[in-house]
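K.L.:
Here it is, the structure in full.
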Amino acid sequence: VLVPPRANQQPKELHMHNDLRIDKSYWLRDDARKAPAVLEYLKAENQYTAAAMADTVKLQDELYKEMRGRIKEEDTSVAARCAWQAAVIRLLKAVVAVGNCILNSQDRKSWAIFMLCSWLMHVPAHHCRGPFAMLCT
């Protein structure tokens, strides 16, 4: 049985705009990405995610290849009425560009699938037509 790692609760008071907010996870903010405790926790999170998603690796590969195969990388002929499709293309390019900088090959695929699926959850059903229709169902 997989047990997800639990982040320590270290309350911190944050004062802004005449408001007090208690953030129990503020210690996880590490803009320099050098705090050993944060890096250790993130490593545990990544290991948990990899173990939890291990049985979907083949499916992730297939989905990633299919999504990339349906998009012409440099297609600028998308009509104005299909602006959301152009947005998907831009999103995938950005996801791949970011992924190439910070993620290994398998994580890039998972990241792209996650980002695209997250975005598609907000696409109205009447926009789901054309080459991306299968992704909206």
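Residues in the structure tokens are named by chain (A, B, ... in the order shown) and by number from 1 within that chain; ligands are numbered from 1 in the order shown.
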Using only C-alpha atoms, determine which residues lie at most 12 Å from stretch 33-49 of chain A, disregarding the query and same-chain residues fewer than 2 positions distant; provide the list as a ChimeraX atom specification.
P.N.:
/A:1-8,25-31,51-57,103,107,110-111
K.L.:
Take the residues just selected and output them with C-alpha atoms as a PDB file, in the first residue's frame.
P.N.:
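Saved file out.pdb follows:
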ATOM      1  CA  VAL A   1       0.000   0.000   0.000  1.00  0.00           C
ATOM      2  CA  LEU A   2       1.430   3.331  -1.079  1.00  0.00           C
ATOM      3  CA  VAL A   3       1.438   6.037   1.535  1.00  0.00           C
ATOM      4  CA  PRO A   4       1.934   9.604   0.315  1.00  0.00           C
ATOM      5  CA  PRO A   5       4.522  11.693   2.117  1.00  0.00           C
ATOM      6  CA  ARG A   6       3.148  14.197   4.608  1.00  0.00           C
ATOM      7  CA  ALA A   7       4.505  17.714   4.714  1.00  0.00           C
ATOM      8  CA  ASN A   8       5.351  19.037   8.156  1.00  0.00           C
ATOM      9  CA  SER A  25       3.195  25.040   4.470  1.00  0.00           C
ATOM     10  CA  TYR A  26       5.167  28.246   4.005  1.00  0.00           C
ATOM     11  CA  TRP A  27       8.396  26.414   4.794  1.00  0.00           C
ATOM     12  CA  LEU A  28       8.044  24.654   1.422  1.00  0.00           C
ATOM     13  CA  ARG A  29       8.646  27.952  -0.362  1.00  0.00           C
ATOM     14  CA  ASP A  30      12.255  27.788  -1.403  1.00  0.00           C
ATOM     15  CA  ASP A  31      12.930  30.132  -4.308  1.00  0.00           C
ATOM     16  CA  ALA A  51       5.265   4.559  -7.879  1.00  0.00           C
ATOM     17  CA  ALA A  52       1.580   5.483  -8.039  1.00  0.00           C
ATOM     18  CA  MET A  53       1.713   6.115 -11.802  1.00  0.00           C
ATOM     19  CA  ALA A  54       4.013   3.192 -12.670  1.00  0.00           C
ATOM     20  CA  ASP A  55       1.243   1.109 -14.210  1.00  0.00           C
ATOM     21  CA  THR A  56       0.286   3.972 -16.570  1.00  0.00           C
ATOM     22  CA  VAL A  57       3.707   4.563 -18.144  1.00  0.00           C
ATOM     23  CA  LEU A 103      12.268  17.325 -16.369  1.00  0.00           C
ATOM     24  CA  ASP A 107       8.343  13.349 -16.460  1.00  0.00           C
ATOM     25  CA  SER A 110       3.455  13.182 -17.696  1.00  0.00           C
ATOM     26  CA  TRP A 111       3.760  16.979 -17.381  1.00  0.00           C
TER      27      TRP A 111
END
K.L.:
Residues within 6 Å of A:Lys24, please, as a count of residues only. Count only C-alpha atoms; anything in the same chain fewer than 5 positions from it doesn't count.
P.N.:
3
